[in-house]
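Student: Handing over my_file_31.cif, mmCIF, C-alpha atoms.
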data_my_file
loop_
_atom_site.group_PDB
_atom_site.id
_atom_site.type_symbol
_atom_site.label_atom_id
_atom_site.label_comp_id
_atom_site.auth_asym_id
_atom_site.auth_seq_id
_atom_site.Cartn_x
_atom_site.Cartn_y
_atom_site.Cartn_z
ATOM 1 C CA MET T 276 54.373 170.849 192.658
ATOM 2 C CA ASP T 277 56.335 173.685 194.336
ATOM 3 C CA ARG T 278 57.883 173.361 197.790
ATOM 4 C CA PRO T 279 57.801 176.827 199.445
ATOM 5 C CA HIS T 280 60.574 176.372 202.081
ATOM 6 C CA ALA T 281 63.545 175.096 200.093
ATOM 7 C CA PRO T 282 67.143 175.590 201.306
ATOM 8 C CA GLY T 283 68.638 178.873 200.126
ATOM 9 C CA GLY T 284 65.330 180.643 200.141
ATOM 10 C CA GLY T 285 64.377 179.487 196.625
ATOM 11 C CA ARG T 286 61.460 177.458 195.495
ATOM 12 C CA GLN T 287 62.082 173.822 194.578
ATOM 13 C CA ARG T 288 59.982 172.051 191.991
ATOM 14 C CA ILE T 289 59.314 168.371 192.469
ATOM 15 C CA VAL T 290 58.125 166.483 189.402
ATOM 16 C CA THR T 291 56.001 163.459 190.124
ATOM 17 C CA ALA T 292 55.075 160.860 187.545
ATOM 18 C CA GLU T 293 51.395 160.365 186.992
ATOM 19 C CA PRO T 294 50.155 156.807 186.935
ATOM 20 C CA ALA T 295 49.702 155.319 183.482
ATOM 21 C CA LYS T 296 46.179 155.379 182.226
ATOM 22 C CA ALA T 297 44.477 152.069 182.256
ATOM 23 C CA ALA T 298 43.689 150.491 178.915
ATOM 24 C CA ALA T 299 40.259 151.285 177.648
ATOM 25 C CA PRO T 300 37.740 148.481 178.003
ATOM 26 C CA GLY T 301 37.915 146.269 174.951
ATOM 27 C CA GLY T 302 41.160 147.963 173.724
ATOM 28 C CA MET T 303 43.884 145.885 172.008
ATOM 29 C CA SER T 304 47.602 146.305 172.046
ATOM 30 C CA ARG T 305 49.475 147.105 168.859
ATOM 31 C CA ARG T 306 50.954 143.619 168.792
ATOM 32 C CA ARG T 307 47.521 142.035 169.074
ATOM 33 C CA ARG T 308 46.145 144.190 166.241
ATOM 34 C CA ARG T 309 49.100 143.219 164.057
ATOM 35 C CA GLN T 310 48.514 139.532 164.767
ATOM 36 C CA LEU T 311 44.857 139.843 163.837
ATOM 37 C CA SER T 312 45.723 141.727 160.646
ATOM 38 C CA LEU T 313 48.221 139.056 159.557
ATOM 39 C CA GLY T 314 45.729 136.349 160.451
ATOM 40 C CA GLY T 315 43.112 137.984 158.254
ATOM 41 C CA GLN T 316 45.540 138.247 155.326
ATOM 42 C CA TYR T 317 46.596 134.617 155.651
ATOM 43 C CA GLY T 318 42.972 133.583 155.897
ATOM 44 C CA LEU T 319 42.120 135.492 152.701
ATOM 45 C CA VAL T 320 44.992 133.810 150.849
ATOM 46 C CA ILE T 321 43.847 130.382 152.039
ATOM 47 C CA VAL T 322 40.285 131.090 150.904
ATOM 48 C CA VAL T 323 41.466 132.160 147.434
ATOM 49 C CA VAL T 324 43.684 129.065 147.092
ATOM 50 C CA VAL T 325 40.839 126.768 148.158
ATOM 51 C CA LEU T 326 38.461 128.404 145.678
ATOM 52 C CA VAL T 327 40.990 127.998 142.852
ATOM 53 C CA ILE T 328 41.522 124.344 143.741
ATOM 54 C CA VAL T 329 37.798 123.654 143.924
ATOM 55 C CA LEU T 330 36.641 125.634 140.888
ATOM 56 C CA ALA T 331 39.511 125.002 138.449
ATOM 57 C CA ASP T 332 39.073 122.479 135.655
ATOM 58 C CA TRP T 333 42.287 120.584 136.271
ATOM 59 C CA SER T 334 41.877 118.151 133.410
ATOM 60 C CA THR T 335 41.587 121.009 130.895
ATOM 61 C CA LEU T 336 44.510 122.861 132.463
ATOM 62 C CA GLN T 337 46.660 119.748 132.378
ATOM 63 C CA HIS T 338 45.795 119.077 128.747
ATOM 64 C CA ASN T 339 46.472 122.656 127.576
ATOM 65 C CA PHE T 340 49.397 123.658 129.790
ATOM 66 C CA ALA T 341 51.100 120.490 131.020
ATOM 67 C CA ASN T 342 50.574 117.865 128.357
ATOM 68 C CA TRP T 343 53.284 115.314 129.060
ATOM 69 C CA ASP T 344 53.072 113.694 125.619
ATOM 70 C CA ILE T 345 53.700 117.040 123.915
ATOM 71 C CA ALA T 346 56.421 117.966 126.395
ATOM 72 C CA LYS T 347 58.333 114.744 125.696
ATOM 73 C CA GLY T 348 58.263 115.487 121.986
ATOM 74 C CA LEU T 349 60.158 118.768 122.545
ATOM 75 C CA PHE T 350 63.297 117.006 123.701
ATOM 76 C CA PRO T 351 66.155 117.095 122.965
ATOM 77 C CA GLU T 352 65.654 119.989 120.487
ATOM 78 C CA VAL T 353 64.473 122.387 123.197
ATOM 79 C CA ILE T 354 67.888 121.943 124.826
ATOM 80 C CA THR T 355 70.173 121.481 121.830
ATOM 81 C CA VAL T 356 68.548 124.296 119.809
ATOM 82 C CA GLY T 357 66.482 126.638 121.992
ATOM 83 C CA LEU T 358 68.468 126.644 125.229
ATOM 84 C CA ARG T 359 71.847 126.501 123.486
ATOM 85 C CA ASN T 360 71.062 129.465 121.211
ATOM 86 C CA THR T 361 69.691 131.469 124.131
ATOM 87 C CA ALA T 362 72.916 130.903 126.062
ATOM 88 C CA VAL T 363 75.041 131.815 123.023
ATOM 89 C CA TYR T 364 73.119 135.022 122.277
ATOM 90 C CA THR T 365 73.306 136.017 125.950
ATOM 91 C CA ALA T 366 77.031 135.311 126.252
ATOM 92 C CA VAL T 367 77.931 137.233 123.083
ATOM 93 C CA GLY T 368 75.729 140.187 124.070
ATOM 94 C CA PHE T 369 77.179 140.243 127.574
ATOM 95 C CA GLY T 370 80.752 140.135 126.274
ATOM 96 C CA LEU T 371 80.173 142.978 123.817
ATOM 97 C CA GLY T 372 78.252 144.974 126.407
ATOM 98 C CA LEU T 373 80.962 144.519 129.026
ATOM 99 C CA GLY T 374 83.737 145.617 126.675
ATOM 100 C CA GLY T 375 81.733 148.540 125.335
ATOM 101 C CA GLY T 376 80.546 149.511 128.807
ATOM 102 C CA LEU T 377 84.107 149.636 130.130
ATOM 103 C CA LEU T 378 85.187 151.846 127.237
ATOM 104 C CA ILE T 379 82.207 154.181 127.642
ATOM 105 C CA ALA T 380 82.760 154.370 131.404
ATOM 106 C CA LEU T 381 86.403 155.406 130.934
ATOM 107 C CA MET T 382 85.339 158.010 128.379
ATOM 108 C CA ARG T 383 82.704 159.249 130.819
ATOM 109 C CA LEU T 384 85.435 159.778 133.431
ATOM 110 C CA SER T 385 87.910 161.269 130.961
ATOM 111 C CA SER T 386 89.169 164.822 131.315
ATOM 112 C CA VAL T 387 88.734 165.336 127.551
ATOM 113 C CA PRO T 388 85.385 167.103 126.954
ATOM 114 C CA PRO T 389 84.571 165.426 123.578
ATOM 115 C CA TYR T 390 85.003 161.982 125.133
ATOM 116 C CA ARG T 391 82.714 162.859 128.011
ATOM 117 C CA ALA T 392 80.127 164.345 125.660
ATOM 118 C CA PHE T 393 80.114 161.244 123.436
ATOM 119 C CA ALA T 394 79.846 158.892 126.411
ATOM 120 C CA THR T 395 77.015 160.895 127.958
ATOM 121 C CA ALA T 396 75.091 161.020 124.670
ATOM 122 C CA TYR T 397 75.558 157.285 124.109
ATOM 123 C CA ILE T 398 74.324 156.399 127.588
ATOM 124 C CA GLU T 399 71.282 158.646 127.385
ATOM 125 C CA VAL T 400 70.294 157.482 123.883
ATOM 126 C CA PHE T 401 70.666 153.738 124.325
ATOM 127 C CA ARG T 402 69.165 153.714 127.798
ATOM 128 C CA GLY T 403 66.172 155.630 126.488
ATOM 129 C CA LEU T 404 65.473 153.489 123.410
ATOM 130 C CA PRO T 405 63.356 150.322 123.658
ATOM 131 C CA LEU T 406 65.475 147.238 123.010
ATOM 132 C CA LEU T 407 63.067 146.137 120.275
ATOM 133 C CA LEU T 408 63.913 149.266 118.239
ATOM 134 C CA ILE T 409 67.607 148.475 118.573
ATOM 135 C CA PHE T 410 66.991 144.960 117.240
ATOM 136 C CA ILE T 411 65.015 146.338 114.305
ATOM 137 C CA PHE T 412 67.709 148.933 113.612
ATOM 138 C CA VAL T 413 70.471 146.306 113.568
ATOM 139 C CA GLY T 414 68.468 143.751 111.590
ATOM 140 C CA VAL T 415 66.797 146.095 109.100
ATOM 141 C CA GLY T 416 68.323 149.545 109.328
ATOM 142 C CA VAL T 417 71.993 148.605 108.929
ATOM 143 C CA PRO T 418 71.486 146.580 105.698
ATOM 144 C CA LEU T 419 69.357 149.389 104.263
ATOM 145 C CA ALA T 420 71.809 152.125 105.240
ATOM 146 C CA PHE T 421 74.870 150.180 104.105
ATOM 147 C CA PRO T 422 73.874 147.917 101.162
ATOM 148 C CA GLY T 423 75.989 144.818 100.890
ATOM 149 C CA THR T 424 77.123 145.050 104.510
ATOM 150 C CA ASN T 425 76.772 141.856 106.505
ATOM 151 C CA ILE T 426 77.298 141.735 110.247
ATOM 152 C CA PRO T 427 79.749 138.887 110.983
ATOM 153 C CA GLY T 428 78.284 135.833 112.657
ATOM 154 C CA GLY T 429 74.814 135.933 111.123
ATOM 155 C CA ALA T 430 72.048 135.810 113.715
ATOM 156 C CA VAL T 431 74.564 135.435 116.535
ATOM 157 C CA GLY T 432 76.399 138.575 115.430
ATOM 158 C CA GLN T 433 73.201 140.573 114.971
ATOM 159 C CA ALA T 434 71.726 139.437 118.278
ATOM 160 C CA GLY T 435 74.985 139.974 120.138
ATOM 161 C CA LEU T 436 75.422 143.451 118.663
ATOM 162 C CA SER T 437 71.856 144.447 119.517
ATOM 163 C CA LEU T 438 72.107 143.191 123.080
ATOM 164 C CA GLY T 439 75.610 144.618 123.459
ATOM 165 C CA LEU T 440 74.649 148.107 122.298
ATOM 166 C CA ALA T 441 71.905 148.318 124.902
ATOM 167 C CA ALA T 442 73.820 146.547 127.677
ATOM 168 C CA ALA T 443 76.892 148.765 127.225
ATOM 169 C CA ALA T 444 74.869 151.845 128.204
ATOM 170 C CA TYR T 445 73.737 150.270 131.488
ATOM 171 C CA MET T 446 77.063 148.595 132.240
ATOM 172 C CA ALA T 447 78.930 151.847 131.616
ATOM 173 C CA GLU T 448 77.131 153.545 134.482
ATOM 174 C CA THR T 449 77.625 150.497 136.704
ATOM 175 C CA ILE T 450 81.351 150.354 135.939
ATOM 176 C CA ARG T 451 81.729 154.106 136.395
ATOM 177 C CA ALA T 452 80.082 153.861 139.813
ATOM 178 C CA GLY T 453 82.454 151.036 140.745
ATOM 179 C CA ILE T 454 85.510 153.039 139.687
ATOM 180 C CA VAL T 455 84.338 156.078 141.636
ATOM 181 C CA ALA T 456 83.749 153.865 144.690
ATOM 182 C CA VAL T 457 87.422 152.857 144.838
ATOM 183 C CA PRO T 458 89.169 155.076 147.416
ATOM 184 C CA LYS T 459 91.191 157.890 145.844
ATOM 185 C CA GLY T 460 94.156 156.913 147.959
ATOM 186 C CA GLN T 461 94.611 153.828 145.784
ATOM 187 C CA MET T 462 95.384 155.951 142.736
ATOM 188 C CA GLU T 463 97.559 158.327 144.751
ATOM 189 C CA ALA T 464 99.553 155.430 146.164
ATOM 190 C CA ALA T 465 100.022 153.900 142.701
ATOM 191 C CA ARG T 466 101.193 157.221 141.261
ATOM 192 C CA SER T 467 103.602 157.727 144.159
ATOM 193 C CA LEU T 468 105.208 154.402 143.223
ATOM 194 C CA GLY T 469 105.927 155.736 139.750
ATOM 195 C CA MET T 470 103.016 154.161 137.864
ATOM 196 C CA SER T 471 101.504 156.074 134.979
ATOM 197 C CA TYR T 472 97.820 156.935 135.135
ATOM 198 C CA PRO T 473 96.755 154.321 132.512
ATOM 199 C CA ARG T 474 98.810 151.577 134.169
ATOM 200 C CA ALA T 475 97.454 152.434 137.613
ATOM 201 C CA MET T 476 93.924 152.430 136.251
ATOM 202 C CA TRP T 477 94.243 149.016 134.569
ATOM 203 C CA SER T 478 96.327 147.367 137.298
ATOM 204 C CA ILE T 479 94.907 148.857 140.493
ATOM 205 C CA ILE T 480 91.606 150.690 140.088
ATOM 206 C CA ILE T 481 89.657 148.622 137.552
ATOM 207 C CA PRO T 482 90.266 145.226 139.259
ATOM 208 C CA GLN T 483 88.994 146.659 142.550
ATOM 209 C CA ALA T 484 86.031 148.252 140.809
ATOM 210 C CA PHE T 485 85.007 144.963 139.218
ATOM 211 C CA ARG T 486 85.040 143.221 142.597
ATOM 212 C CA ILE T 487 82.547 145.841 143.751
ATOM 213 C CA ILE T 488 80.217 145.613 140.741
ATOM 214 C CA ILE T 489 80.106 141.837 140.229
ATOM 215 C CA PRO T 490 76.599 141.520 141.799
ATOM 216 C CA PRO T 491 74.953 144.161 139.548
ATOM 217 C CA LEU T 492 76.746 142.748 136.512
ATOM 218 C CA THR T 493 75.294 139.331 137.353
ATOM 219 C CA ASN T 494 71.830 140.881 137.480
ATOM 220 C CA GLN T 495 72.506 142.455 134.078
ATOM 221 C CA LEU T 496 73.350 138.998 132.733
ATOM 222 C CA VAL T 497 69.957 137.740 133.915
ATOM 223 C CA LEU T 498 68.223 140.616 132.130
ATOM 224 C CA LEU T 499 70.141 139.919 128.918
ATOM 225 C CA CYS T 500 69.089 136.275 129.051
ATOM 226 C CA LYS T 501 65.440 137.335 129.046
ATOM 227 C CA ASP T 502 65.973 140.098 126.487
ATOM 228 C CA SER T 503 67.473 137.575 124.071
ATOM 229 C CA SER T 504 63.889 136.539 123.310
ATOM 230 C CA LEU T 505 63.692 139.576 120.986
ATOM 231 C CA VAL T 506 65.977 137.760 118.547
ATOM 232 C CA LEU T 507 62.831 136.409 116.886
ATOM 233 C CA PHE T 508 62.385 139.814 115.200
ATOM 234 C CA LEU T 509 65.603 139.290 113.214
ATOM 235 C CA GLY T 510 64.064 136.677 110.906
ATOM 236 C CA ILE T 511 66.120 133.743 112.154
ATOM 237 C CA THR T 512 66.122 130.202 110.746
ATOM 238 C CA LEU T 513 64.877 127.067 112.493
ATOM 239 C CA GLU T 514 68.372 126.203 113.721
ATOM 240 C CA GLU T 515 68.877 129.729 115.067
ATOM 241 C CA ARG T 516 65.732 129.816 117.200
ATOM 242 C CA GLU T 517 66.058 130.679 120.875
ATOM 243 C CA LEU T 518 63.680 129.466 123.585
ATOM 244 C CA THR T 519 60.848 131.949 123.010
ATOM 245 C CA LYS T 520 60.781 131.445 119.243
ATOM 246 C CA PHE T 521 61.093 127.691 119.701
ATOM 247 C CA GLY T 522 58.165 127.521 122.140
ATOM 248 C CA ARG T 523 56.018 129.866 120.064
ATOM 249 C CA ASP T 524 56.521 127.899 116.851
ATOM 250 C CA LEU T 525 55.793 124.543 118.480
ATOM 251 C CA ALA T 526 52.747 125.918 120.304
ATOM 252 C CA GLY T 527 51.313 127.057 116.971
ATOM 253 C CA GLN T 528 51.990 123.704 115.354
ATOM 254 C CA VAL T 529 50.385 121.535 118.040
ATOM 255 C CA GLY T 530 47.694 124.021 119.105
ATOM 256 C CA ASN T 531 48.770 123.753 122.738
ATOM 257 C CA THR T 532 50.591 126.037 125.179
ATOM 258 C CA THR T 533 52.716 123.285 126.724
ATOM 259 C CA PRO T 534 55.778 124.213 124.576
ATOM 260 C CA ILE T 535 55.641 127.760 125.964
ATOM 261 C CA ILE T 536 55.551 126.400 129.520
ATOM 262 C CA VAL T 537 58.551 124.163 128.785
ATOM 263 C CA ALA T 538 60.425 127.118 127.288
ATOM 264 C CA GLY T 539 59.667 129.154 130.414
ATOM 265 C CA ILE T 540 61.036 126.383 132.618
ATOM 266 C CA CYS T 541 64.229 126.345 130.535
ATOM 267 C CA TYR T 542 64.604 130.086 131.094
ATOM 268 C CA LEU T 543 64.278 129.496 134.834
ATOM 269 C CA LEU T 544 67.058 126.912 134.665
ATOM 270 C CA ILE T 545 69.339 129.785 133.651
ATOM 271 C CA THR T 546 67.954 132.775 135.535
ATOM 272 C CA ILE T 547 67.312 131.254 138.974
ATOM 273 C CA PRO T 548 70.913 130.029 139.532
ATOM 274 C CA LEU T 549 72.226 133.392 138.298
ATOM 275 C CA SER T 550 69.875 135.262 140.655
ATOM 276 C CA LEU T 551 70.969 133.093 143.586
ATOM 277 C CA LEU T 552 74.596 133.726 142.652
ATOM 278 C CA ALA T 553 74.002 137.486 142.567
ATOM 279 C CA ARG T 554 72.404 137.419 146.033
ATOM 280 C CA ARG T 555 75.281 135.391 147.465
ATOM 281 C CA LEU T 556 77.810 137.801 145.981
ATOM 282 C CA GLU T 557 75.910 140.769 147.417
ATOM 283 C CA ALA T 558 75.812 139.111 150.850
ATOM 284 C CA ARG T 559 79.538 138.334 150.709
ATOM 285 C CA GLN T 560 80.294 141.894 149.663
ATOM 286 C CA ALA T 561 78.173 143.258 152.537
ATOM 287 C CA ARG T 562 80.038 141.056 155.034
ATOM 288 C CA GLY T 563 83.377 142.231 153.634
ATOM 289 C CA GLN T 564 82.440 145.889 154.162
ATOM 290 C CA ARG T 565 81.691 145.434 157.850
#
Is it possible to give me this structure as structure tokens?
Tutor:
Amino acid sequence: MDRPHAPGGGRQRIVTAEPAKAAAPGGMSRRRRRQLSLGGQYGLVIVVVVLVIVLADWSTLQHNFANWDIAKGLFPEVITVGLRNTAVYTAVGFGLGLGGGLLIALMRLSSVPPYRAFATAYIEVFRGLPLLLIFIFVGVGVPLAFPGTNIPGGAVGQAGLSLGLAAAAYMAETIRAGIVAVPKGQMEAARSLGMSYPRAMWSIIIPQAFRIIIPPLTNQLVLLCKDSSLVLFLGITLEERELTKFGRDLAGQVGNTTPIIVAGICYLLITIPLSLLARRLEARQARGQR
């Protein structure tokens, strides 16, 4: 409203707050609506779980998916053969991928145009190809293209090379991002102390970059563990079987899916601790950046 007789001869405007409108009859607050929505979702989940429990044929499920007699017969071979080979294939692939990824990342950051072009082409090609095609290329294409050529290490060498070729493309971008994330002042300080560029890179920049990228590298290790299941397309022997091949063969022999369930549990024994480790490293890194 306007007050006509304000000091100085001007008009003074007084703003008054209008009373809040009363809630409409039967209206609910946002919090109440959210509580009802969550209650409905929880209720739906409970209904579905109860229906599954009531309608499922548990004796048939137990016989076909959790047969204890069949599961006992898988040990110790599922550990000494399947789990051990899976760990070996994963470790070799991760080592080759890490070394190749570091080299490709440095080439990607190089000031030499041919190096950058090669690194970019490698990353785009091997990130775009399905991993199964890489396995087939290494297992079938290399012997056909180069008769008499044997990849050292047999199945371990072939599996490690296949996993490493694919992993190097992903790790290269991860490592490059870690190197770029290191403050530029670190390199400038190292050069001011008389260090050459290569020595400063290996002694100062790369160690700091790896501390930054440890969590994503751990996640890459988890992915490689699961991707090692494609080794079965290399035509491996009984002693070279990894968990997926081991469970598949035994499931076909006994006509039961329990071996596949056991193989899946063995995978979880590897992947769950690695996933927890990656989350802890990410949390520690986030606390360190505060």
Student: Quick one: residues within 9 Å of T:Gln495, only C-alpha atoms counted, chain neighbours fewer than 6 positions away excluded, as a count of residues only?
Tutor: 4
Student: Do you know which residues the PyMOL selection byres ((chain T and resi 512) around 12) returns on this file, as a list of chain:residue names?
Tutor: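 That expression, the PyMOL selection byres ((chain T and resi 512) around 12), corresponds here to T:Val356, T:Gly357, T:Asn360, T:Gly429, T:Ala430, T:Val431, T:Val506, T:Leu507, T:Phe508, T:Leu509, T:Gly510, T:Ile511, T:Leu513, T:Glu514, T:Glu515, T:Arg516, T:Glu517, T:Lys520, T:Phe521, T:Asp524.
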Student: Keeping only C-alpha atoms, write those residues as a compact mmCIF listing (two decimals), in the coordinates of the input.
Tutor:
# COMPACT_ATOMS: atom_id res chain seq x y z
CA VAL T 356 68.55 124.30 119.81
CA GLY T 357 66.48 126.64 121.99
CA ASN T 360 71.06 129.46 121.21
CA GLY T 429 74.81 135.93 111.12
CA ALA T 430 72.05 135.81 113.72
CA VAL T 431 74.56 135.44 116.54
CA VAL T 506 65.98 137.76 118.55
CA LEU T 507 62.83 136.41 116.89
CA PHE T 508 62.38 139.81 115.20
CA LEU T 509 65.60 139.29 113.21
CA GLY T 510 64.06 136.68 110.91
CA ILE T 511 66.12 133.74 112.15
CA LEU T 513 64.88 127.07 112.49
CA GLU T 514 68.37 126.20 113.72
CA GLU T 515 68.88 129.73 115.07
CA ARG T 516 65.73 129.82 117.20
CA GLU T 517 66.06 130.68 120.88
CA LYS T 520 60.78 131.44 119.24
CA PHE T 521 61.09 127.69 119.70
CA ASP T 524 56.52 127.90 116.85
Student: Select, from T:Leu552, T:Ile487, T:Val329, T:Val363, the residue with the minimum atom-to-atom distance to T:Leu438, counting all atoms listed in the file.
Tutor: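 Smallest distance to T:Leu438 is found for T:Val363.
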Student: From the list T:Leu377, T:Val322, T:Ile328, T:Ala464, which residue is nearest T:Ile488 when using all atoms listed in the file?
Tutor: T:Leu377
Student: Set up a box along x, y and z of the file covering all listed atoms of stretch 303-320 of chain T, add 6 Å on every one of the six sides, and write the centre and edge lengths in Å to one decimal, as AutoDock Vina command-line options.
Tutor:
--center_x 46.5 --center_y 140.3 --center_z 161.4 --size_x 20.8 --size_y 25.5 --size_z 33.2
Student: Once you count only C-alpha atoms, what closest atom pair and distance in Å to one decimal does each residue of stretch 283-384 of chain T within 8 Å of stretch 530-541 of chain T have, with rows by chain and rising residue number, as a tab-separated table?
Tutor:
residue	atom	partner	partner_atom	distance
T:Asn339	CA	T:Asn531	CA	5.5
T:Phe340	CA	T:Thr533	CA	4.5
T:Ala341	CA	T:Thr533	CA	5.4
T:Asn342	CA	T:Thr533	CA	6.1
T:Ile345	CA	T:Thr533	CA	6.9
T:Ala346	CA	T:Thr533	CA	6.5
T:Leu349	CA	T:Pro534	CA	7.3
T:Val353	CA	T:Ala538	CA	7.5
T:Leu358	CA	T:Cys541	CA	6.8
Student: Keeping only C-alpha atoms, write those residues as a compact mmCIF listing (two decimals), in the frame of the given file.
Tutor:
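Result written to selection30.txt:
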# COMPACT_ATOMS: atom_id res chain seq x y z
CA ASN T 339 46.47 122.66 127.58
CA PHE T 340 49.40 123.66 129.79
CA ALA T 341 51.10 120.49 131.02
CA ASN T 342 50.57 117.86 128.36
CA ILE T 345 53.70 117.04 123.92
CA ALA T 346 56.42 117.97 126.40
CA LEU T 349 60.16 118.77 122.54
CA VAL T 353 64.47 122.39 123.20
CA LEU T 358 68.47 126.64 125.23
Student: I'd like to know which of T:Ile450, T:Lys501, T:Val413, T:Gly423 is closest to T:Met382, using all atoms listed in the file.
Tutor: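 For T:Met382, the nearest of the given residues is T:Ile450.
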Student: Would you tabulate, counting only C-alpha atoms, all residues of stretch 313-400 of chain T that have an atom at most 12 Å from an atom of stretch 481-484 of chain T, showing the closest pair of atoms and their distance in Å to one decimal, sorted by chain then ascending number, as JSON lines?
Tutor:
{"residue": "T:Leu377", "atom": "CA", "partner": "T:Ile481", "partner_atom": "CA", "distance": 9.3}
{"residue": "T:Leu378", "atom": "CA", "partner": "T:Ile481", "partner_atom": "CA", "distance": 11.7}
{"residue": "T:Ala380", "atom": "CA", "partner": "T:Ile481", "partner_atom": "CA", "distance": 10.9}
{"residue": "T:Leu381", "atom": "CA", "partner": "T:Ile481", "partner_atom": "CA", "distance": 10.0}
Student: Can you work out the spacing between atom CA of T:Ile411 and atom CA of T:Ser437 in Å, to one decimal?
Tutor: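 Taking atom CA of T:Ile411 and atom CA of T:Ser437, their separation equals 8.8 Å.
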Student: Identify, on the basis of only C-alpha atoms, every residue whose closest approach to T:Ile398 does not exceed 8 Å; exclude the query and any residue fewer than 2 positions from it along the same chain; express the result as a PyMOL selection string.
Tutor: chain T and resi 394-396+400-402+444-445+447-448
Student: From the options T:Thr361, T:Gly370, T:Phe350, T:Leu505, which residue's atoms come nearest to T:Pro405, counting all atoms listed in the file?
Tutor: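 Of T:Thr361, T:Gly370, T:Phe350, T:Leu505, the one nearest T:Pro405, counting all atoms listed in the file, is T:Leu505.
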Student: Write out as a PyMOL selection string each polymer residue whose atoms come within 12 Å of T:Pro458, counting all atoms listed in the file; drop sequence neighbours fewer than 2 positions from it.
Tutor: chain T and resi 452-456+460-465+479-481+483-484+487
Student: May I ask for the distance between atom CA of T:Tyr542 and atom CA of T:Thr519, given in Å to one decimal place?
Tutor: 9.1 Å
Student: What gap, in Å, lies between atom CA of T:Arg554 and atom CA of T:Leu436?
Tutor: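 Those two atoms sit 28.2 Å apart.
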Student: Which residues come within 8 Å of T:Asn494, counting only C-alpha atoms, excluding same-chain residues fewer than 4 positions away, as a PyMOL selection string?
Tutor: chain T and resi 490+498+549-550+553
Student: Skipping near chain neighbours, those fewer than 5 positions away, what residues fall within 8 Å of T:Leu440 using all atoms listed in the file, listed as a PyMOL selection string?
Tutor: chain T and resi 371-372+375+401+409
Student: Of the candidates T:Glu557, T:Arg523, T:Leu544, T:Met470, which shows the shortest atom-to-atom distance to T:Arg486, using all atoms listed in the file?
Tutor: T:Glu557
